[in-house]
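Asker: My structure is below; once you've seen it, I'll send some questions.
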Amino acid sequence: MSPSEPRFIWLEESEEKGLVRSTLQGNRQAFLALADHYLRPVYRLAYALTRDRDAAAGIAREAFGRAWFGLQGMPEGKRFFPWVLHLARNLSVAHARRHAGEAPIIADVAADASAEERADVAMERATREALRALRPDEQTALALRIVERLPHEQIGALLDQPTVIALARLSSARGYLLQRVNSAMEKSEGAA
Amino acid sequence: MIHVTLPQLCAYLDGELAEASAELVRRHLSECLECTERFAKLEAQDEILIRILADDPQEEFFQCLSVSIPLGQPASAERPAPAAREKPVPSHAGRRAEDKRRNRLGPRTAWIAAGIAAAICCVVAGSAAWVVFRPAEPEPVAPPTVVERQNAAAETTPPVEMESLREQPPDPLAEPHSEQPPEPMAEPQHDPTKPPPQEKASASEPAPAPAPAPTSAQNVVPVRTVITETIVEPEAQHAAPVPVPPRAPPQSTAPDPVALALRGAKSASLEAAQSKLSASFDKSADAWERALPLLENSPEALAGGRRELAQSRFQAWAAEPTPARREAAIASARQYLLYAPPGPDRDQAWTWLGRLKH
């Protein structure tokens with residue numbers, strides 16, 4: 001897989017519909033097949049939104065648990081993956097709100113670190129701080145692009161929005177991060 | 001000079017521009033230092049974002065996660081039929097009207113239902129508590145007298161015909177006694193409204209047939225109580241009556257290793273909770289760690305064991321923090337959280353994990 005290709009492959013629509021139909025009849029194996037296929041991208045999105053491995057695992061687990069019990073509520077004609085991704089996204093946002101007051105976990109700079117390494121760590125810290133201020137849809141779009149390498153069209157489809165809106169979310173998120181990180185770096189350089 | 005906009009730069013960075021547009025941006029970037037710097041910053045930022053946002057655990061992690069997805073009873077049994085899913089969605093006005101109706105009737109109906117449910121619960125719980133924790137009947141005032149009377153009656157007079165019992169008010173619902181003496185009791189805890197069989201002193205004897213219906217209109221419940229308290233060995237009827245517990249504990253020949261391990265782990269937990277020493281918590285955690293493999297066949301016990309292990313590890317760390325204890329506590333908390341159902345215990349484990357991480 002090349003670095004620009006998406007990291008996951010959608011199930012064939014007919015196959016996915018068959019699995020959903022079987023699941024609605026109570027077939028666990030069908031649901032497990034769906035979960036097995038989409039667990040990784042759901043986990044990766046949850047991690048990108050929470051930056052916490054344990055929380056992401058819990059969210060992915062809960063999202064699929066809710067999907068199992070609530071599959072009959074999935075809108076007709078909607079694909080399974082966007083639906084379960086939406087569940088995970090909502091759970092991640094709720095988790096982030098619950099932990100909004102906590103400081104992000106950032107590794108300390110080694111005492112003998114070079115100026116370049118220090119700048120890297122400072123930039124990462126500023127980026128982490130700035131990420132928390134992004135709106136959920138911006139964070140989701142960014143995660144789907146950066147982590148999953150999805151094209152804008154698919155990001156829009158997953159967010160239930162047109163492609164141009166997906167691009168707008170991405171560019172506003174990137175612009176905001178750039179601005180916040182630049183100002184933070186300028187401040188830290190001024191202080192130094 | 002007209003600069004490239006941020007959305008255009010982003011689209012170019014993501015390879016989403018058409019070839020003609022991409023060529024224009026490329027040409028502009030070759031001429032404009034400001035846009036080139038901006039583009040370079042965006043690229044560098046994406047690199048940092050990959051480091052921050054991406055996590056790629058091992059395949060085992062996902063296998064474990066997949067197994068731990070909480071799939072309870074299949075919801076399909078409660079699911080509406082496909083036709084039910086196709087019912088028309090009410091309009092906004094219809095929804096508002098429905099909401100109003102629910103708001104008007106809902107809370108009141110809910111309070112009434114809750115009150116009725118609470119009353120039923122109270123009655124049921126009270127009845128159950130009375131049956132289970134009912135105070136024992138007072139000892140016969142003169143136990144030897146009972147024995148003497150039994151001896152004098154030469155086994156023809158059943159112990160139920162004691163004067164103290166005759167004083168009980170008659171139960172109109174109780175069936176009349178027969179003339180025969182009550183049979184030995186097979187199981188002390190059975191339905192008190194049924195005629196109670198009498199238990200022989202030897203617990204190893206097979207359970208006899210249930211007693212016939214009593215003849216008189218005596219209350220049946222106290223009869224059973226007195227019988228269980230004044231049973232006398234046939235060979236030792238002249239000796240003083242010894243109270244016999246209603247149920248002898250089962251005697252097992254070989255100790256169950258699961259029960260042994262559980263008992264050991266629980267006692268270690270108890271000891272640790274009393275002493276509050278880190279070493280005791282370590283000991284308790286070790287005991288639970290040894291017990292866990294034995295609980296594989298009991299999901300509930302296994303979940304409880306994982307929780308106890310996580311709690312012991314956390315408390316050991318909290319009592320005396322060391323890096324090794326922290327790592328062990330994080331690992332056990334993660335293990336517990338991977339399988340734990342939602343609830344207060346799970347929330348508490350999250351709290352432990354949060355404290356361990358920070």
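Following the order of the structure tokens, chains are lettered A, B, ..., residues in each are numbered from 1, and ligands are numbered from 1.
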Name all residues at most 8 Å from A:Thr50 (count only C-alpha atoms; drop same-chain ones fewer than 3 positions away) and give them as a ChimeraX atom specification.

Answerer: /A:46-47,55-56,92,95-96

Asker: One number please: atom CA of A:Glu148 to atom CA of B:Ile50, in Å, one decimal.

Answerer: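 Distance between the two atoms: 10.1 Å.
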
Asker: Give me, as number ranges by chain, the contact residues of chain A against chain B at a cut-off of 6 Å, counting only C-alpha atoms.

Answerer: A: 24-26, 48, 61, 65, 69, 147, 171

Asker: Which polymer residues have any atom within 12 Å of an atom of A:Pro41, counting only C-alpha atoms, with same-chain residues fewer than 2 positions away left out, as number ranges by chain?

Answerer: A: 6-10, 35-39, 43-48, 56-57, 60, 81-82, 84-86, 88-89, 143-145, 147-150; B: 54-57, 62

Asker: Those same residues - N, CA, C and O atoms - I'd like them written as a short mmCIF file (atom, residue, chain, number, x, y, z; two decimals), in the first residue's frame.

Answerer:
```cif
data_model
loop_
_atom_site.label_atom_id
_atom_site.label_comp_id
_atom_site.auth_asym_id
_atom_site.auth_seq_id
_atom_site.Cartn_x
_atom_site.Cartn_y
_atom_site.Cartn_z
N PRO A 6 -5.76 4.92 0.79
CA PRO A 6 -6.50 4.76 2.05
C PRO A 6 -6.05 3.52 2.79
O PRO A 6 -5.64 2.53 2.18
N ARG A 7 -6.15 3.58 4.12
CA ARG A 7 -5.63 2.48 4.91
C ARG A 7 -6.63 1.35 5.07
O ARG A 7 -6.26 0.28 5.52
N PHE A 8 -7.87 1.59 4.80
CA PHE A 8 -8.81 0.47 4.92
C PHE A 8 -9.63 0.38 3.65
O PHE A 8 -9.74 1.33 2.89
N ILE A 9 -10.18 -0.78 3.46
CA ILE A 9 -10.97 -1.04 2.25
C ILE A 9 -12.41 -1.28 2.67
O ILE A 9 -12.67 -2.03 3.62
N TRP A 10 -13.30 -0.62 1.98
CA TRP A 10 -14.71 -0.83 2.27
C TRP A 10 -15.10 -2.25 1.86
O TRP A 10 -14.59 -2.78 0.88
N ALA A 35 -17.63 -6.42 12.37
CA ALA A 35 -16.77 -5.79 13.38
C ALA A 35 -15.31 -6.03 13.07
O ALA A 35 -14.48 -5.12 13.20
N ASP A 36 -15.01 -7.24 12.66
CA ASP A 36 -13.61 -7.57 12.37
C ASP A 36 -13.08 -6.71 11.23
O ASP A 36 -11.92 -6.30 11.24
N HIS A 37 -13.92 -6.43 10.28
CA HIS A 37 -13.46 -5.65 9.12
C HIS A 37 -13.28 -4.17 9.48
O HIS A 37 -12.33 -3.54 9.01
N TYR A 38 -14.18 -3.65 10.29
CA TYR A 38 -14.17 -2.20 10.52
C TYR A 38 -13.62 -1.80 11.90
O TYR A 38 -13.63 -0.62 12.23
N LEU A 39 -13.18 -2.77 12.68
CA LEU A 39 -12.71 -2.43 14.03
C LEU A 39 -11.49 -1.52 14.00
O LEU A 39 -11.38 -0.57 14.77
N TYR A 43 -11.20 2.09 15.68
CA TYR A 43 -10.26 2.31 16.77
C TYR A 43 -9.33 3.49 16.45
O TYR A 43 -9.06 4.34 17.29
N ARG A 44 -8.84 3.50 15.22
CA ARG A 44 -7.89 4.56 14.85
C ARG A 44 -8.54 5.93 14.92
O ARG A 44 -7.92 6.90 15.35
N LEU A 45 -9.80 6.02 14.52
CA LEU A 45 -10.49 7.32 14.63
C LEU A 45 -10.64 7.69 16.10
O LEU A 45 -10.39 8.85 16.48
N ALA A 46 -11.04 6.71 16.91
CA ALA A 46 -11.23 7.00 18.33
C ALA A 46 -9.90 7.45 18.95
O ALA A 46 -9.87 8.37 19.77
N TYR A 47 -8.81 6.80 18.54
CA TYR A 47 -7.51 7.21 19.09
C TYR A 47 -7.16 8.63 18.64
O TYR A 47 -6.66 9.44 19.42
N ALA A 48 -7.41 8.91 17.37
CA ALA A 48 -7.07 10.25 16.86
C ALA A 48 -7.87 11.33 17.58
O ALA A 48 -7.38 12.44 17.76
N ALA A 56 -9.53 4.82 23.57
CA ALA A 56 -9.91 4.47 22.20
C ALA A 56 -10.40 3.03 22.12
O ALA A 56 -11.38 2.73 21.43
N ALA A 57 -9.71 2.14 22.84
CA ALA A 57 -10.15 0.74 22.84
C ALA A 57 -11.55 0.63 23.45
O ALA A 57 -12.42 -0.07 22.91
N ALA A 60 -14.10 2.04 20.93
CA ALA A 60 -14.35 1.13 19.80
C ALA A 60 -15.22 -0.03 20.24
O ALA A 60 -16.19 -0.43 19.57
N PHE A 81 -20.47 1.19 7.94
CA PHE A 81 -19.26 1.81 8.46
C PHE A 81 -19.46 3.27 8.85
O PHE A 81 -19.07 3.67 9.96
N PRO A 82 -20.09 4.10 7.99
CA PRO A 82 -20.31 5.49 8.43
C PRO A 82 -21.15 5.57 9.70
O PRO A 82 -20.93 6.41 10.55
N VAL A 84 -21.39 3.26 12.20
CA VAL A 84 -20.66 2.87 13.41
C VAL A 84 -19.53 3.88 13.69
O VAL A 84 -19.19 4.16 14.84
N LEU A 85 -19.01 4.47 12.64
CA LEU A 85 -17.99 5.51 12.82
C LEU A 85 -18.59 6.73 13.52
O LEU A 85 -17.95 7.36 14.36
N HIS A 86 -19.83 7.01 13.17
CA HIS A 86 -20.52 8.13 13.80
C HIS A 86 -20.73 7.84 15.29
O HIS A 86 -20.57 8.74 16.13
N ALA A 88 -18.80 5.98 17.14
CA ALA A 88 -17.49 6.13 17.78
C ALA A 88 -17.10 7.59 17.91
O ALA A 88 -16.53 8.01 18.92
N ARG A 89 -17.44 8.36 16.90
CA ARG A 89 -17.10 9.78 16.95
C ARG A 89 -17.85 10.46 18.10
O ARG A 89 -17.27 11.25 18.85
N ALA A 143 -8.57 13.66 11.17
CA ALA A 143 -8.17 12.29 11.47
C ALA A 143 -8.37 11.39 10.26
O ALA A 143 -7.51 10.55 9.95
N LEU A 144 -9.49 11.55 9.60
CA LEU A 144 -9.76 10.69 8.44
C LEU A 144 -8.77 10.96 7.32
O LEU A 144 -8.42 10.06 6.56
N ARG A 145 -8.31 12.17 7.23
CA ARG A 145 -7.33 12.49 6.18
C ARG A 145 -5.92 12.08 6.60
O ARG A 145 -5.22 11.40 5.86
N VAL A 147 -4.83 10.15 9.21
CA VAL A 147 -4.60 8.77 9.68
C VAL A 147 -5.05 7.77 8.62
O VAL A 147 -4.32 6.84 8.28
N GLU A 148 -6.25 7.97 8.10
CA GLU A 148 -6.79 6.98 7.16
C GLU A 148 -6.43 7.30 5.71
O GLU A 148 -6.66 6.47 4.83
N ARG A 149 -5.92 8.51 5.46
CA ARG A 149 -5.52 8.94 4.11
C ARG A 149 -6.70 8.85 3.13
O ARG A 149 -6.54 8.44 1.97
N LEU A 150 -7.86 9.19 3.61
CA LEU A 150 -9.04 9.12 2.75
C LEU A 150 -9.11 10.34 1.84
O LEU A 150 -8.75 11.44 2.25
N ALA B 54 -1.89 9.13 14.98
CA ALA B 54 -1.89 7.74 14.51
C ALA B 54 -1.39 6.81 15.60
O ALA B 54 -0.44 7.13 16.32
N ASP B 55 -2.05 5.68 15.72
CA ASP B 55 -1.61 4.63 16.65
C ASP B 55 -1.87 3.30 15.96
O ASP B 55 -2.99 3.04 15.51
N ASP B 56 -0.85 2.49 15.89
CA ASP B 56 -1.00 1.20 15.21
C ASP B 56 -0.60 0.07 16.14
O ASP B 56 0.56 -0.37 16.14
N PRO B 57 -1.53 -0.39 16.94
CA PRO B 57 -1.19 -1.51 17.83
C PRO B 57 -1.01 -2.82 17.05
O PRO B 57 -1.33 -2.89 15.86
N PHE B 62 -6.07 -6.05 18.45
CA PHE B 62 -7.38 -6.00 17.81
C PHE B 62 -8.14 -7.30 18.00
O PHE B 62 -9.37 -7.30 18.12
#
```

Asker: Find the distance between atom CA of A:Val42 and atom CA of A:Leu87 and write it in Å to one decimal.

Answerer: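 Computing it gives 9.4 Å between the two atoms.
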
Asker: Give me, as a compact mmCIF listing (two decimals) with N, CA and C atoms, in the first residue's frame, all polymer residues having an atom no more than 9 Å from stretch 269-276 of chain B, counting only C-alpha atoms and skipping those fewer than 2 positions away in the same chain.

Answerer:
```txt
# COMPACT_ATOMS: atom_id res chain seq x y z
N GLY B 264 -8.56 -18.30 49.11
CA GLY B 264 -7.24 -17.74 49.46
C GLY B 264 -7.11 -16.31 48.99
N ALA B 265 -7.56 -16.07 47.76
CA ALA B 265 -7.43 -14.70 47.22
C ALA B 265 -8.31 -13.74 48.00
N LYS B 266 -9.51 -14.19 48.35
CA LYS B 266 -10.41 -13.30 49.09
C LYS B 266 -9.86 -12.99 50.47
N SER B 267 -9.30 -14.02 51.11
CA SER B 267 -8.77 -13.76 52.45
C SER B 267 -7.55 -12.84 52.35
N SER B 278 1.41 -2.06 51.48
CA SER B 278 1.63 -2.33 50.06
C SER B 278 1.98 -3.80 49.83
N ALA B 279 2.77 -4.37 50.77
CA ALA B 279 3.15 -5.77 50.61
C ALA B 279 1.93 -6.69 50.65
N SER B 280 0.98 -6.31 51.52
CA SER B 280 -0.24 -7.13 51.61
C SER B 280 -1.04 -7.03 50.32
N PHE B 281 -1.10 -5.82 49.77
CA PHE B 281 -1.82 -5.66 48.51
C PHE B 281 -1.12 -6.44 47.39
N ASP B 282 0.21 -6.41 47.41
CA ASP B 282 0.96 -7.21 46.43
C ASP B 282 0.61 -8.69 46.57
N LYS B 283 0.56 -9.12 47.83
CA LYS B 283 0.25 -10.53 48.08
C LYS B 283 -1.15 -10.87 47.58
N SER B 284 -2.06 -9.96 47.87
CA SER B 284 -3.44 -10.18 47.42
C SER B 284 -3.51 -10.23 45.89
N ALA B 285 -2.80 -9.31 45.24
CA ALA B 285 -2.81 -9.29 43.78
C ALA B 285 -2.22 -10.58 43.22
N ALA B 287 -2.24 -13.44 44.65
CA ALA B 287 -3.22 -14.52 44.86
C ALA B 287 -4.30 -14.48 43.78
N TRP B 288 -4.76 -13.27 43.45
CA TRP B 288 -5.78 -13.16 42.40
C TRP B 288 -5.21 -13.55 41.04
N GLU B 308 -10.68 -7.44 41.12
CA GLU B 308 -9.96 -7.52 42.39
C GLU B 308 -8.46 -7.36 42.14
N SER B 312 -6.23 -4.47 43.69
CA SER B 312 -5.09 -4.75 44.57
C SER B 312 -3.82 -4.12 44.04
N GLN B 315 -4.01 -0.41 44.64
CA GLN B 315 -3.84 -0.03 46.04
C GLN B 315 -2.41 -0.24 46.50
N ALA B 316 -1.77 -1.28 45.94
CA ALA B 316 -0.36 -1.48 46.27
C ALA B 316 0.47 -0.29 45.79
N ALA B 319 -0.32 2.74 47.95
CA ALA B 319 0.28 2.69 49.29
C ALA B 319 1.77 2.99 49.23
```
